[in-house]
Structure formats: C-alpha cells, structure tokens
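Notes follow the structure.
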Amino acid sequence: MTTTLTVPREPQNAAQDAGIKETLDRMIDEQMASLPDLRLLSNAERRDIIARYTSVLEGNFIYWMTATVMATKSEEAKPILLENLHEEVTDAHPVMMRKFAVAAHAYPDAADSLAVDEALTNMRRFLGRLQGVPSLLTMAYFEGFIQKFMPYLAELAAGLGSTEMEYTDVHGVCDIAHTAGLIQAFEVEKANHPVGPEVDLFEGVDLLRALIDTIVYNRADAMAAAA
C-alpha cells in the first residue's frame, strides 16, 4: 500500500492568526489528500481499514466526547457538547457503526484492535488530562475529518459489496453542524479560560492525525514487520 504523506503544520501562532476553522480545514484536506487511491486497494485492504476504523470509533467516540465535556469549564460551551452527546446516545450511533462494519464483513478482530492500540492509548491519555481548550480543538478536528471521510468510507464498503450505509449517510450530514458547534465551543472556552503560550493547542490534533494514519496504513503492523 502507498505510504502516507507527512505535511508539516504551521506554528501555533500562525494557525491562530489564519483563523482556527481555516487551519483545521487545511489540515483535514491535507490528510484526506494523503489517503490511498480507492482503485488500488485490494478487498483485504478495504476490509482492514474499515475494521481498524470501527475498532477506534465504536467504543471510543462517546468516551472521548464525555472526557471533553468534563474538561470544559465554560458553562456556555457545555450545552453544545451535551447536544452532540445526546444525539450520539439516543440515536445509537455505535449501533450504526457496528451494522456498517458487519455488513461489509469487516468487524474488527483482535489483530485490528492491537494494530491501533498504541496510537489509541496516546489519545486516551491526552484527553484524560482534561484540558478544555486543546480537547475541544482535537474533537473539532475529528468531527470535521469524519464528515469529509464518510464518502471514502462508504466507497470502501461498497467495494466489498455492502449496501448498509446508514452510518456514513448520517455522519456525512450531522458532523457539519457538530464541527461548527465544537469550533464555537473552543472559541468560548479559549476566551473564558485562556491557556498559556507553553500549551501546544494542536498536541491532540497531531495525536489524532497519527491515529488516523494508523487506521489507514496499519503502521503498527508495518513497524512490527520491520523489527
């Protein structure tokens, strides 16, 4: 499989000057552009990407968002996050994710879970520090990436003969509003509870980008083979 592109991000102050939405959009577009050509993927590679993605998303997204709610200090920002969580829970988004993976014959096994374990652990530990501003920025990136990734994910499944697309259809629409809401919450939190210059606002975003690369390229497997 082709290797991912590594695109350096702008320094933190440059990103802030450019506007956070524009910076996130640029970073998301760069990561989307680095995805492998769907036409060149084997069925096994399609299956493995879906499986690793499911291994991360099904059991972690609500947990990550809950940690972000806990980290957020601004009362004005919390309703935005709670609305997102309410939708995830009441509409049973993990059930949609599981149905999607099962229909594509790509439900994760132990090897899929282990492939993402190190990068996933890094994300869990980062969010476990309960830092509101960086956590909100990280989740805003994730929602924005997921929204743009959905057509690609749907094509992966379609190439395996699946027609179960509720998960990709729903998230291709709802995550537009979720991203905007999280950016708004980030701005509120940053204004009310500013962080010092020593805090890297993009630390979590960088960890998340590494996790996404692991989902797509199975870097854990590649490193083990090279060892």
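Convention: chains lettered A, B, ... in structure tokens order; per-chain residue numbering from 1; ligands numbered from 1 as shown.
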Inset, instruction - Just the residues within 8 Å of Ile80 (chain A), please, counting only C-alpha atoms, with nothing from its chain fewer than 3 positions along; format it as a ChimeraX atom specification. - result: /A:77,83-84,181-182,185
Inset, instruction - Could you give me, as a PyMOL selection string, each residue of region 30-196 of chain A that DSSP assigns to helix (DSSP H, G or I) when run on this structure's backbone? - result: chain A and resi 30-33+38-40+43-71+78-90+93-103+110-115+117-127+132-158+166-192
Residues of region 72-92 of chain A that approach region 126-135 of chain A to 12 Å or less, counting only C-alpha atoms: could you list each one with the shortest pair of atoms and its distance in Å to one decimal, rows by chain and increasing residue number, as CSV?
residue,atom,partner,partner_atom,distance
A:Thr72,CA,A:Gly132,CA,4.4
A:Lys73,CA,A:Gly132,CA,6.8
A:Ser74,CA,A:Gly132,CA,8.9
A:Glu75,CA,A:Gly132,CA,11.9
A:Ala77,CA,A:Gly132,CA,10.2
A:Lys78,CA,A:Gly132,CA,10.6
A:Leu81,CA,A:Ser135,CA,11.7
Legend entry - Closest of A:Ala101, A:Val199, A:Val89, A:Val170 to Thr54 (chain A) - atom-to-atom distances counting only C-alpha atoms: A:Ala101
Inset, instruction - Identify which of the residues A:Val116, A:Leu160, A:Leu24, A:Ala104 lies closest to Tyr217 (chain A), counting only C-alpha atoms when measuring atom-to-atom distances. - result: A:Val116
Legend entry - Distance criterion (only C-alpha atoms): nearest to Trp64 (chain A) out of A:Tyr167, A:Phe100, A:Phe142, A:Tyr107: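 That would be A:Phe142, the residue with the smallest distance to Trp64 (chain A).
Restricting the calculation to only C-alpha atoms, the smallest distance between Ile62 (chain A) and any of A:Val205, A:Ala210, A:Met139, A:Leu40 is found for A:Met139.
Atom pair CA of Leu156 (chain A) / CA of Asp169 (chain A): separated by 13.8 Å.
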Legend entry - Selected residue of minimal separation from Gly161 (chain A) among A:Pro36, A:Pro94, A:Leu120, A:Ala106, counting only C-alpha atoms: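 Once distances to Gly161 (chain A) are computed over only C-alpha atoms, the minimum belongs to A:Ala106.
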Legend entry - d(CA of Glu30 (chain A), CA of Arg209 (chain A)) in Å: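 Between these atoms lies a distance of 10.5 Å.
Residue nearest Ser42 (chain A) within the list A:Ala157, A:Val95, A:Met123, A:Met165: A:Ala157 [criterion: smallest interatomic distance, only C-alpha atoms].
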Inset, instruction - Give me the residues within 12 Å of Gln147 (chain A) as a PyMOL selection string, counting only C-alpha atoms and dropping any in the same chain fewer than 2 places off. - result: chain A and resi 25+28-29+32+140-145+149-154+167-180
I need the residues from that last selection saved to file as a compact mmCIF listing (two decimals), in the first residue's frame (with N, CA and C atoms), if you can.
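Now in selection_14.txt:
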# COMPACT_ATOMS: atom_id res chain seq x y z
N ASP A 25 -9.53 23.18 8.44
CA ASP A 25 -9.94 22.76 7.09
C ASP A 25 -8.72 22.39 6.25
N ILE A 28 -7.29 19.06 7.53
CA ILE A 28 -8.17 17.94 7.14
C ILE A 28 -8.01 17.64 5.67
N ASP A 29 -7.99 18.68 4.84
CA ASP A 29 -7.84 18.46 3.40
C ASP A 29 -6.50 17.79 3.08
N MET A 32 -6.92 14.13 4.01
CA MET A 32 -7.76 13.46 3.02
C MET A 32 -6.97 13.21 1.73
N ALA A 140 -12.98 18.99 17.48
CA ALA A 140 -13.44 19.74 16.30
C ALA A 140 -12.76 19.20 15.04
N TYR A 141 -11.46 18.91 15.15
CA TYR A 141 -10.76 18.32 14.01
C TYR A 141 -11.37 16.97 13.65
N PHE A 142 -11.63 16.16 14.66
CA PHE A 142 -12.14 14.82 14.40
C PHE A 142 -13.49 14.86 13.72
N GLU A 143 -14.39 15.70 14.23
CA GLU A 143 -15.71 15.80 13.60
C GLU A 143 -15.58 16.28 12.16
N GLY A 144 -14.70 17.26 11.93
CA GLY A 144 -14.51 17.76 10.58
C GLY A 144 -13.93 16.72 9.65
N PHE A 145 -12.98 15.94 10.16
CA PHE A 145 -12.39 14.88 9.34
C PHE A 145 -13.43 13.81 9.03
N PHE A 149 -14.53 12.31 5.49
CA PHE A 149 -14.08 10.94 5.28
C PHE A 149 -15.23 9.99 4.91
N MET A 150 -16.47 10.39 5.21
CA MET A 150 -17.60 9.48 5.03
C MET A 150 -17.76 8.96 3.60
N PRO A 151 -17.66 9.79 2.55
CA PRO A 151 -17.78 9.23 1.20
C PRO A 151 -16.70 8.20 0.90
N TYR A 152 -15.49 8.42 1.39
CA TYR A 152 -14.40 7.47 1.20
C TYR A 152 -14.71 6.16 1.91
N LEU A 153 -15.18 6.26 3.16
CA LEU A 153 -15.52 5.07 3.93
C LEU A 153 -16.65 4.29 3.26
N ALA A 154 -17.64 5.01 2.76
CA ALA A 154 -18.75 4.36 2.06
C ALA A 154 -18.26 3.61 0.82
N TYR A 167 -24.74 4.58 8.60
CA TYR A 167 -23.70 5.27 9.37
C TYR A 167 -23.06 6.39 8.55
N THR A 168 -22.64 6.09 7.34
CA THR A 168 -21.96 7.10 6.53
C THR A 168 -22.92 8.19 6.07
N ASP A 169 -24.17 7.84 5.79
CA ASP A 169 -25.15 8.85 5.38
C ASP A 169 -25.43 9.84 6.50
N VAL A 170 -25.62 9.32 7.71
CA VAL A 170 -25.94 10.19 8.85
C VAL A 170 -24.77 11.09 9.20
N HIS A 171 -23.56 10.52 9.26
CA HIS A 171 -22.43 11.32 9.69
C HIS A 171 -21.92 12.26 8.61
N GLY A 172 -22.22 11.98 7.39
CA GLY A 172 -21.86 12.92 6.33
C GLY A 172 -22.64 14.21 6.42
N VAL A 173 -23.77 14.18 7.13
CA VAL A 173 -24.62 15.37 7.28
C VAL A 173 -24.47 15.98 8.66
N CYS A 174 -24.67 15.18 9.71
CA CYS A 174 -24.73 15.73 11.07
C CYS A 174 -23.40 16.29 11.54
N ASP A 175 -22.29 15.76 11.03
CA ASP A 175 -21.00 16.22 11.53
C ASP A 175 -20.62 17.60 11.02
N ILE A 176 -21.32 18.11 10.03
CA ILE A 176 -21.10 19.50 9.62
C ILE A 176 -21.49 20.43 10.77
N ALA A 177 -22.68 20.21 11.32
CA ALA A 177 -23.14 21.03 12.46
C ALA A 177 -22.30 20.75 13.70
N HIS A 178 -21.92 19.48 13.91
CA HIS A 178 -21.11 19.14 15.07
C HIS A 178 -19.76 19.87 15.04
N THR A 179 -19.15 19.93 13.86
CA THR A 179 -17.86 20.61 13.74
C THR A 179 -18.00 22.09 14.05
N ALA A 180 -19.01 22.73 13.48
CA ALA A 180 -19.23 24.15 13.73
C ALA A 180 -19.47 24.41 15.22
Inset, instruction - Take CA of Gly159 (chain A) and CA of Ala51 (chain A) and report the distance between them in Å, one decimal. - result: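 Going from CA of Gly159 (chain A) over to CA of Ala51 (chain A), I get 14.4 Å.
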